$ cat coords_21.txt   # compact mmCIF, C-alpha atoms
# COMPACT_ATOMS: atom_id res chain seq x y z
CA MET A 110 -91.44 -16.01 9.76
CA GLU A 111 -91.85 -12.74 11.58
CA GLY A 112 -91.20 -12.89 15.31
CA VAL A 113 -89.76 -16.43 15.20
CA PRO A 114 -86.08 -16.94 16.14
CA HIS A 115 -83.82 -17.64 13.18
CA THR A 116 -82.53 -20.94 14.59
CA TYR A 117 -86.12 -22.21 14.98
CA CYS A 118 -86.80 -21.45 11.31
CA MET A 119 -83.68 -23.37 10.31
CA LEU A 120 -84.72 -26.40 12.33
CA ARG A 121 -88.23 -26.40 10.93
CA VAL A 122 -87.05 -26.27 7.34
CA CYS A 123 -84.38 -28.89 7.88
CA LEU A 124 -86.66 -31.30 9.70
CA SER A 125 -88.89 -31.34 6.62
CA ARG A 126 -85.88 -32.44 4.55
CA GLY A 127 -85.02 -35.56 6.51
CA PRO A 128 -82.60 -36.79 9.20
CA GLN A 129 -79.37 -36.17 7.26
CA VAL A 130 -80.05 -32.49 6.77
CA PHE A 131 -81.15 -32.21 10.39
CA LEU A 132 -77.87 -33.66 11.60
CA HIS A 133 -75.96 -31.24 9.38
CA THR A 134 -77.91 -28.33 10.84
CA ARG A 135 -77.11 -29.44 14.37
CA SER A 136 -73.42 -29.41 13.53
CA LEU A 137 -73.78 -25.89 12.14
CA LEU A 138 -75.52 -24.74 15.28
CA GLY A 139 -72.81 -26.36 17.35
CA ALA A 140 -70.12 -24.55 15.36
CA SER A 141 -72.00 -21.30 15.79
CA SER A 142 -72.18 -21.76 19.55
CA ARG A 143 -68.40 -22.09 19.62
CA THR A 144 -67.99 -18.71 17.92
CA LEU A 145 -69.74 -16.58 20.51
CA MET A 146 -68.30 -14.63 23.42
CA ASP A 147 -70.14 -12.68 26.05
CA LEU A 148 -69.36 -8.98 25.62
CA LYS A 149 -68.11 -8.56 29.20
CA ALA A 150 -65.76 -11.52 28.83
CA LEU A 151 -64.51 -10.24 25.48
CA VAL A 152 -63.89 -6.73 26.80
CA SER A 153 -62.04 -8.21 29.76
CA SER A 154 -59.86 -10.15 27.33
CA LEU A 155 -59.23 -7.02 25.25
CA ASN A 156 -58.23 -5.16 28.41
CA ASP A 157 -55.82 -7.97 29.25
CA PHE A 158 -54.32 -7.68 25.78
CA ALA A 159 -53.68 -3.95 26.24
CA SER A 160 -54.58 -2.42 29.57
CA PRO A 161 -56.47 0.89 29.25
CA SER A 162 -54.21 2.14 32.06
CA LEU A 163 -51.40 2.36 29.47
CA ALA A 164 -53.31 5.01 27.49
CA GLU A 165 -52.49 8.70 27.81
CA SER A 166 -54.40 10.55 30.54
CA TRP A 167 -56.19 12.74 27.97
CA ASP A 168 -57.43 9.76 25.95
CA ASN A 169 -60.86 8.11 25.98
CA VAL A 170 -60.37 4.36 25.75
CA GLY A 171 -62.22 1.16 26.60
CA LEU A 172 -65.85 0.23 26.02
CA LEU A 173 -67.62 3.34 24.68
CA VAL A 174 -71.00 1.92 23.60
CA GLU A 175 -72.61 -1.02 25.40
CA PRO A 176 -75.92 -2.54 24.28
CA SER A 177 -78.21 -3.73 27.04
CA PRO A 178 -76.99 -7.07 28.44
CA PRO A 179 -76.80 -9.86 27.73
CA HIS A 180 -74.86 -9.19 24.55
CA SER A 181 -72.98 -11.91 22.68
CA VAL A 182 -70.27 -11.25 20.10
CA SER A 183 -69.76 -13.42 17.05
CA THR A 184 -68.04 -10.89 14.76
CA LEU A 185 -65.42 -8.37 15.88
CA PHE A 186 -64.93 -5.61 13.31
CA LEU A 187 -61.63 -3.64 13.22
CA THR A 188 -61.24 -0.12 11.89
CA ASN A 189 -58.89 2.80 12.36
CA ASP A 190 -61.68 5.40 12.17
CA LEU A 191 -65.37 4.75 12.65
CA THR A 192 -67.04 6.86 9.97
CA GLU A 193 -70.63 6.51 8.77
CA GLU A 194 -69.41 4.62 5.70
CA VAL A 195 -67.47 2.21 7.91
CA MET A 196 -70.49 1.79 10.21
CA GLU A 197 -72.59 0.66 7.24
CA GLU A 198 -69.84 -1.80 6.32
CA ALA A 199 -69.79 -3.15 9.88
CA LEU A 200 -73.57 -3.60 9.82
CA HIS A 201 -73.24 -5.43 6.49
CA PHE A 202 -70.88 -7.90 8.21
CA LYS A 203 -73.37 -8.16 11.09
CA ALA A 204 -70.70 -7.01 13.53
CA ASP A 205 -71.57 -7.31 17.22
CA LEU A 206 -68.55 -5.30 18.38
CA ILE A 207 -66.58 -2.62 16.55
CA LEU A 208 -63.02 -2.01 17.68
CA SER A 209 -62.23 1.49 16.47
CA TYR A 210 -58.59 2.44 17.08
CA HIS A 211 -59.52 6.13 17.28
CA PRO A 212 -62.32 6.75 19.79
CA PRO A 213 -65.43 7.95 17.91
CA ILE A 214 -66.60 9.50 21.19
CA PHE A 215 -63.79 11.72 22.41
CA ARG A 216 -65.38 14.87 23.79
CA PRO A 217 -68.58 14.66 25.88
CA LEU A 218 -71.80 14.59 23.87
CA LYS A 219 -74.47 16.95 25.19
CA ARG A 220 -77.23 15.40 23.11
CA ILE A 221 -77.83 12.39 20.85
CA THR A 222 -79.66 13.61 17.75
CA TRP A 223 -79.52 13.03 14.02
CA LYS A 224 -77.75 16.34 13.34
CA SER A 225 -74.06 15.37 13.67
CA TRP A 226 -72.31 12.34 12.25
CA LYS A 227 -70.84 11.23 15.58
CA GLU A 228 -74.25 11.33 17.22
CA ARG A 229 -75.67 9.32 14.32
CA LEU A 230 -72.98 6.70 14.89
CA VAL A 231 -74.10 6.27 18.50
CA ILE A 232 -77.74 6.03 17.45
CA LYS A 233 -76.98 3.37 14.83
CA ALA A 234 -74.85 1.43 17.27
CA PHE A 235 -77.66 1.26 19.82
CA GLU A 236 -80.39 0.62 17.26
CA ASN A 237 -78.45 -2.31 15.80
CA ARG A 238 -77.09 -3.57 19.14
CA VAL A 239 -73.46 -3.02 18.20
CA ALA A 240 -70.92 -2.39 20.94
CA VAL A 241 -68.00 0.00 20.32
CA TYR A 242 -64.56 -0.31 21.92
CA SER A 243 -61.51 1.92 21.45
CA PRO A 244 -57.90 1.17 22.53
CA HIS A 245 -56.11 4.14 20.88
CA THR A 246 -52.92 5.08 22.78
CA ALA A 247 -52.99 1.85 24.79
CA TYR A 248 -52.15 0.11 21.49
CA ASP A 249 -49.41 2.70 20.87
CA ALA A 250 -47.74 1.78 24.16
CA ILE A 251 -47.79 -2.02 24.18
CA PRO A 252 -44.89 -4.16 22.94
CA ASN A 253 -45.53 -5.19 19.32
CA GLY A 254 -48.18 -2.51 19.11
CA VAL A 255 -48.70 0.34 16.65
CA ASN A 256 -45.33 2.03 17.20
CA ASP A 257 -43.33 -1.19 16.94
CA TRP A 258 -45.22 -1.97 13.73
CA LEU A 259 -44.40 1.51 12.37
CA ALA A 260 -40.73 1.08 13.29
CA LYS A 261 -40.56 -1.90 10.92
CA GLY A 262 -40.80 0.62 8.09
CA LEU A 263 -37.22 1.72 8.83
CA GLY A 264 -35.81 -1.77 8.36
CA ALA A 265 -34.10 -4.10 10.84
CA CYS A 266 -33.55 -2.21 14.07
CA THR A 267 -33.63 -2.40 17.85
CA THR A 268 -36.30 -0.28 19.54
CA THR A 269 -36.82 1.33 22.93
CA PRO A 270 -39.76 3.51 24.03
CA LEU A 271 -39.17 7.26 23.88
CA GLN A 272 -41.52 7.79 26.82
CA PRO A 273 -41.52 4.58 28.91
CA SER A 274 -44.74 3.56 30.63
CA MET A 275 -44.86 3.01 34.35
CA SER A 276 -46.71 0.24 36.09
CA PRO A 277 -50.30 1.28 36.90
CA SER A 278 -49.79 0.32 40.55
CA TYR A 279 -47.11 0.75 43.20
CA PRO A 280 -45.10 -2.22 44.44
CA SER A 281 -47.20 -4.01 47.07
CA GLY A 282 -49.74 -1.22 46.67
CA LEU A 283 -47.62 1.17 48.78
CA SER A 284 -47.15 4.67 47.40
CA HIS A 285 -45.28 6.71 50.04
CA ARG A 286 -42.26 6.34 52.32
CA ILE A 287 -42.24 8.13 55.66
CA GLU A 288 -39.03 8.37 57.72
CA PHE A 289 -38.42 9.73 61.21
CA CYS A 290 -36.31 9.08 64.32
CA MET A 291 -37.37 8.26 67.86
CA ASP A 292 -35.34 8.29 71.06
CA SER A 293 -34.66 4.74 72.10
CA SER A 294 -35.80 5.68 75.58
CA GLN A 295 -39.32 6.10 74.20
CA ALA A 296 -41.72 3.18 73.98
CA VAL A 297 -40.74 2.49 70.37
CA GLU A 298 -42.18 -1.01 70.18
CA SER A 299 -45.63 -0.10 71.50
CA PHE A 300 -45.64 3.00 69.28
CA LEU A 301 -44.91 0.93 66.17
CA ALA A 302 -47.44 -1.72 67.15
CA ALA A 303 -50.14 0.95 67.30
CA LEU A 304 -48.95 2.38 63.97
CA GLN A 305 -49.09 -0.98 62.20
CA VAL A 306 -52.75 -1.35 63.10
CA ILE A 307 -53.51 1.24 60.40
CA PRO A 308 -54.41 -0.70 57.18
CA GLY A 309 -51.99 -0.29 54.29
CA THR A 310 -48.79 0.26 56.27
CA SER A 311 -45.46 -1.55 56.47
CA VAL A 312 -42.86 -0.59 59.09
CA TYR A 313 -39.22 -1.49 59.71
CA THR A 314 -36.48 0.07 61.86
CA LEU A 315 -32.82 0.92 61.28
CA PRO A 316 -30.01 2.14 63.53
CA SER A 317 -29.80 5.92 63.64
CA ARG A 318 -27.76 7.53 60.87
CA SER A 319 -26.40 10.10 63.37
CA GLN A 320 -23.37 8.87 65.29
CA GLY A 321 -23.33 9.32 69.01
CA THR A 322 -27.11 9.40 69.34
CA ASP A 323 -29.33 6.86 71.01
CA GLN A 324 -32.09 6.91 68.44
CA THR A 325 -34.01 4.49 66.27
CA HIS A 326 -34.48 5.37 62.61
CA ILE A 327 -37.96 4.30 61.50
CA VAL A 328 -38.99 3.79 57.87
CA LEU A 329 -42.67 3.35 57.12
CA SER A 330 -44.28 2.64 53.75
CA CYS A 331 -47.97 3.22 53.25
CA ALA A 332 -50.66 3.25 50.61
CA GLN A 333 -52.14 6.51 49.34
CA ALA A 334 -55.39 5.78 51.17
CA ALA A 335 -53.53 5.36 54.48
CA LEU A 336 -51.35 8.48 54.23
CA LEU A 337 -53.71 10.87 56.05
CA SER A 338 -54.37 8.38 58.83
CA VAL A 339 -50.65 7.77 59.35
CA MET A 340 -49.83 11.49 59.41
CA GLY A 341 -52.70 12.11 61.82
CA PHE A 342 -51.30 9.45 64.13
CA LEU A 343 -47.73 10.80 63.96
CA SER A 344 -48.82 14.41 64.51
CA LYS A 345 -49.95 13.49 68.01
CA ASP A 346 -46.28 13.40 69.02
CA LYS A 347 -44.88 16.93 68.74
CA HIS A 348 -41.29 15.62 68.91
CA LEU A 349 -41.77 13.70 65.67
CA CYS A 350 -43.22 16.53 63.63
CA ASP A 351 -39.85 18.26 63.20
CA ASN A 352 -37.99 15.28 61.71
CA ILE A 353 -40.58 13.57 59.51
CA GLN A 354 -39.59 13.14 55.84
CA ILE A 355 -42.14 12.05 53.24
CA SER A 356 -41.27 10.86 49.73
CA SER A 357 -43.27 9.29 46.92
CA LEU A 358 -42.32 5.80 45.81
CA GLN A 359 -41.55 5.37 42.13
CA LYS A 360 -43.76 3.07 40.10
CA PRO A 361 -41.61 0.56 38.22
CA LEU A 362 -41.11 0.98 34.48
CA LEU A 363 -42.73 -1.58 32.19
CA PRO A 364 -40.24 -3.22 29.81
CA SER A 365 -40.58 -2.37 26.09
CA THR A 366 -43.75 -0.36 26.82
CA GLY A 367 -44.45 3.32 26.22
CA MET A 368 -45.01 6.04 23.66
CA GLY A 369 -42.92 6.35 20.51
CA ARG A 370 -39.83 4.33 19.67
CA LEU A 371 -36.14 5.16 19.32
CA CYS A 372 -34.85 2.91 16.55
CA LYS A 373 -31.19 1.95 16.09
CA LEU A 374 -30.79 0.48 12.63
CA ILE A 375 -28.73 -2.70 12.45
CA ASP A 376 -27.08 -1.37 9.30
CA ALA A 377 -26.85 2.31 8.36
CA VAL A 378 -28.67 3.11 5.15
CA SER A 379 -29.20 6.18 2.99
CA LEU A 380 -32.14 8.45 3.63
CA LYS A 381 -33.39 7.74 0.12
CA ALA A 382 -33.44 4.00 0.82
CA VAL A 383 -35.24 4.50 4.15
CA VAL A 384 -37.94 6.62 2.47
CA GLU A 385 -38.55 3.82 -0.06
CA ARG A 386 -38.80 1.29 2.78
CA ILE A 387 -41.36 3.46 4.55
CA LYS A 388 -43.48 3.83 1.42
CA LYS A 389 -43.44 0.08 0.85
CA HIS A 390 -44.27 -0.73 4.48
CA LEU A 391 -47.19 1.70 4.57
CA ALA A 392 -48.30 0.89 1.02
CA LEU A 393 -48.11 4.56 0.04
CA PRO A 394 -47.15 5.95 -3.38
CA HIS A 395 -45.70 9.05 -1.77
CA VAL A 396 -44.74 10.67 1.57
CA ARG A 397 -43.71 14.17 2.54
CA LEU A 398 -40.01 14.72 3.28
CA ALA A 399 -38.17 17.62 4.91
CA LEU A 400 -34.37 17.35 4.72
CA GLY A 401 -32.43 18.26 7.83
CA VAL A 402 -29.94 21.10 7.51
CA GLY A 403 -26.78 19.79 5.85
CA LYS A 404 -28.43 16.51 4.84
CA THR A 405 -29.08 15.02 1.39
CA LEU A 406 -30.90 11.92 0.16
CA ASP A 407 -27.54 10.13 0.32
CA SER A 408 -27.00 10.96 4.01
CA LEU A 409 -26.86 7.88 6.20
CA VAL A 410 -29.57 7.08 8.73
CA THR A 411 -28.45 5.15 11.80
CA ILE A 412 -31.01 6.32 14.37
CA GLY A 413 -34.68 6.99 13.71
CA ALA A 414 -37.45 8.12 16.03
CA VAL A 415 -41.04 7.13 15.26
CA CYS A 416 -44.43 8.00 16.68
CA ALA A 417 -47.72 6.98 15.12
CA GLY A 418 -50.32 9.65 14.46
CA SER A 419 -49.40 13.15 15.57
CA GLY A 420 -45.94 12.68 17.05
CA SER A 421 -44.51 16.12 17.80
CA SER A 422 -45.04 15.99 21.58
CA VAL A 423 -43.24 12.64 21.77
CA LEU A 424 -40.50 13.34 19.22
CA GLN A 425 -39.65 16.88 20.32
CA GLY A 426 -35.96 17.21 21.21
CA VAL A 427 -35.12 13.57 20.46
CA ASP A 428 -31.63 13.21 18.94
CA ALA A 429 -32.12 11.21 15.74
CA ASP A 430 -31.25 11.31 12.05
CA LEU A 431 -34.89 10.92 11.08
CA TYR A 432 -38.36 11.50 12.52
CA LEU A 433 -41.17 9.32 11.15
CA THR A 434 -44.73 10.26 12.07
CA GLY A 435 -48.11 11.08 10.59
CA GLU A 436 -48.24 14.82 11.05
CA MET A 437 -46.37 17.75 12.61
CA SER A 438 -47.02 21.46 12.46
CA HIS A 439 -45.02 23.70 10.14
CA HIS A 440 -42.95 25.20 12.95
CA GLU A 441 -42.28 21.82 14.55
CA VAL A 442 -40.87 20.59 11.25
CA LEU A 443 -38.70 23.71 11.00
CA ASP A 444 -37.33 23.10 14.51
CA ALA A 445 -36.40 19.51 13.66
CA VAL A 446 -34.81 20.47 10.34
CA ALA A 447 -32.74 23.19 12.01
CA ARG A 448 -31.24 20.54 14.31
CA GLY A 449 -30.24 18.47 11.29
CA THR A 450 -33.05 15.94 11.66
CA SER A 451 -34.93 14.96 8.53
CA VAL A 452 -38.69 14.49 8.83
CA VAL A 453 -40.98 12.06 7.00
CA LEU A 454 -44.73 12.75 7.28
CA CYS A 455 -47.23 10.18 6.01
CA GLU A 456 -50.58 11.70 7.14
CA HIS A 457 -52.04 10.83 10.52
CA SER A 458 -53.92 7.56 10.07
CA ASN A 459 -51.56 6.14 7.43
CA THR A 460 -49.05 5.52 10.24
CA GLU A 461 -51.64 3.43 12.12
CA ARG A 462 -54.03 1.68 9.74
CA GLY A 463 -51.70 -1.03 8.45
CA PHE A 464 -51.27 -2.34 11.99
CA LEU A 465 -54.84 -3.64 11.90
CA LEU A 466 -53.86 -6.35 9.42
CA GLU A 467 -51.36 -7.74 11.94
CA LEU A 468 -53.77 -7.15 14.80
CA LYS A 469 -56.43 -9.30 13.12
CA ASP A 470 -54.42 -12.50 13.51
CA THR A 471 -52.98 -11.53 16.88
CA LEU A 472 -56.40 -10.81 18.38
CA ALA A 473 -57.93 -13.94 16.86
CA ALA A 474 -55.28 -16.02 18.63
CA HIS A 475 -55.64 -14.03 21.86
CA LEU A 476 -59.39 -14.65 21.81
CA GLU A 477 -58.77 -18.34 21.08
CA ASN A 478 -60.59 -18.03 17.74
CA LYS A 479 -63.91 -17.82 19.54
CA VAL A 480 -65.05 -14.92 17.35
CA GLN A 481 -64.62 -13.93 13.73
CA VAL A 482 -62.29 -10.94 13.28
CA VAL A 483 -62.84 -8.72 10.22
CA VAL A 484 -60.83 -5.69 9.06
CA SER A 485 -62.63 -2.80 7.38
CA LYS A 486 -61.97 -2.19 3.70
CA LYS A 487 -63.84 1.11 3.65
CA ASP A 488 -61.63 2.72 6.29
CA ARG A 489 -59.13 5.11 4.67
CA ASP A 490 -57.24 8.32 5.26
CA PRO A 491 -59.50 11.31 4.55
CA LEU A 492 -56.70 13.17 2.73
CA GLU A 493 -55.46 12.33 -0.75
CA VAL A 494 -53.35 13.98 -3.42
CA VAL A 495 -55.38 15.17 -6.43

$ encode --input "coords_21.txt" --output "structure tokens"
Amino acid sequence: MEGVPHTYCMLRVCLSRGPQVFLHTRSLLGASSRTLMDLKALVSSLNDFASPSLAESWDNVGLLVEPSPPHSVSTLFLTNDLTEEVMEEALHFKADLILSYHPPIFRPLKRITWKSWKERLVIKAFENRVAVYSPHTAYDAIPNGVNDWLAKGLGACTTTPLQPSMSPSYPSGLSHRIEFCMDSSQAVESFLAALQVIPGTSVYTLPSRSQGTDQTHIVLSCAQAALLSVMGFLSKDKHLCDNIQISSLQKPLLPSTGMGRLCKLIDAVSLKAVVERIKKHLALPHVRLALGVGKTLDSLVTIGAVCAGSGSSVLQGVDADLYLTGEMSHHEVLDAVARGTSVVLCEHSNTERGFLLELKDTLAAHLENKVQVVVSKKDRDPLEVV
């Protein structure tokens, strides 16, 4: 019936078939209501799973396409790349939200027309009320994310991030430390009381570090937003200006979080055996291998360095027997080989796509099974050997 909600049609048909069928339909509707999440709540949960703040500064992550609210999600569709073929597959599954590991919108779009494939993706998403979310390098950074999954291809090993991630915020929200000394003869207490009125400041005093002086050493921590106000206040006293020291506080490192992984194998194994493990883990019939200078297929691998996708910027200069990544330039491979490091290249998305199969179950549990999670079967690496 055109213009009539689908659930109404179901009820009308079932009512004509008697009470038993009607009761069954009610149970179906009840089950359906338990498999819906509001888009905003779902995105918030996805952000909790992997904070967008963990992504690289150059990346474009988070919710990229948002249908007009309210928008409910029953089916979450996972893909590594959102191509037009994959979009049609997602529409076939009646997806309400597509999680595309790679952001389909990376550079700003100046127009939305039918001329380019990325613009057509946006048009189809809006026309069919499909939201699009991309985590990309946030998933690379998290514990048990893409890079930890890729590291499993080397065999049993311990892993540490090659480029550790820092906390997105400063401890207590304070970003700078300001130190200076005041003569004890000055009205130190009233001065500090006036200083502490400025929001976002924390002050404590220490004895002077200079022996034989009657001074009070003052240490002040403040938030970025308060820094100008604090400096403006201190600059009113010309005697302070000469001995003020300002330093930035260090954001704490996040455990087991960051880009790339340094992998220490539990048991050393031949390069040939490691290559076979990688092929099996990534379900690939072949990979590309560059032997390090002085190395053979029988050379032992004890330390590997991995980075999903294009890993040269993360792997560069890392001391390891083996680099495992998707792609590196010709000269970057030559540099690694010259240092005696062998290189295994598997093509960009082949080092990422298999993670989605693990992610499906992990996300379903994280979302408390409130939505159906589907992994694309059309998504594939664009390159193949012919």

$ closest_atom_pairs --input "coords_21.txt" --of "segment 254-317 of chain A" --to "segment 440-455 of chain A" --cutoff "12 Å" --atoms "all atoms listed in the file" --output "tab-separated table"
residue	atom	partner	partner_atom	distance
A:Leu259	CA	A:Cys455	CA	11.1
A:Gly262	CA	A:Val453	CA	11.5
A:Leu263	CA	A:Val453	CA	11.2

$ atom_distance --input "coords_21.txt" --atom1 "atom CA of Ala250 of chain A" --atom2 "atom CA of Gly367 of chain A"
4.2 Å

$ atom_distance --input "coords_21.txt" --atom1 "atom CA of Lys389 of chain A" --atom2 "atom CA of Met437 of chain A"
21.4 Å

$ atom_distance --input "coords_21.txt" --atom1 "atom CA of Gly341 of chain A" --atom2 "atom CA of Leu283 of chain A"
17.8 Å

$ closest_residue --input "coords_21.txt" --among "A:Leu468, A:Ala247, A:Met146, A:Ala417" --to "Ser183 of chain A" --atoms "only C-alpha atoms"
A:Met146

$ residues_around --input "coords_21.txt" --residues "Ile251 of chain A" --least-positions-apart "2" --cutoff "9 Å" --atoms "only C-alpha atoms" --output "tab-separated table (two decimals) with C-alpha atoms, in the coordinates of the input"
chain	number	residue	atom	x	y	z
A	158	PHE	CA	-54.32	-7.68	25.78
A	159	ALA	CA	-53.68	-3.95	26.24
A	160	SER	CA	-54.58	-2.42	29.57
A	163	LEU	CA	-51.40	2.36	29.47
A	246	THR	CA	-52.92	5.08	22.78
A	247	ALA	CA	-52.99	1.85	24.79
A	248	TYR	CA	-52.15	0.11	21.49
A	249	ASP	CA	-49.41	2.70	20.87
A	253	ASN	CA	-45.53	-5.19	19.32
A	254	GLY	CA	-48.18	-2.51	19.11
A	255	VAL	CA	-48.70	0.34	16.65
A	256	ASN	CA	-45.33	2.03	17.20
A	257	ASP	CA	-43.33	-1.19	16.94
A	365	SER	CA	-40.58	-2.37	26.09
A	366	THR	CA	-43.75	-0.36	26.82
A	367	GLY	CA	-44.45	3.32	26.22
A	368	MET	CA	-45.01	6.04	23.66
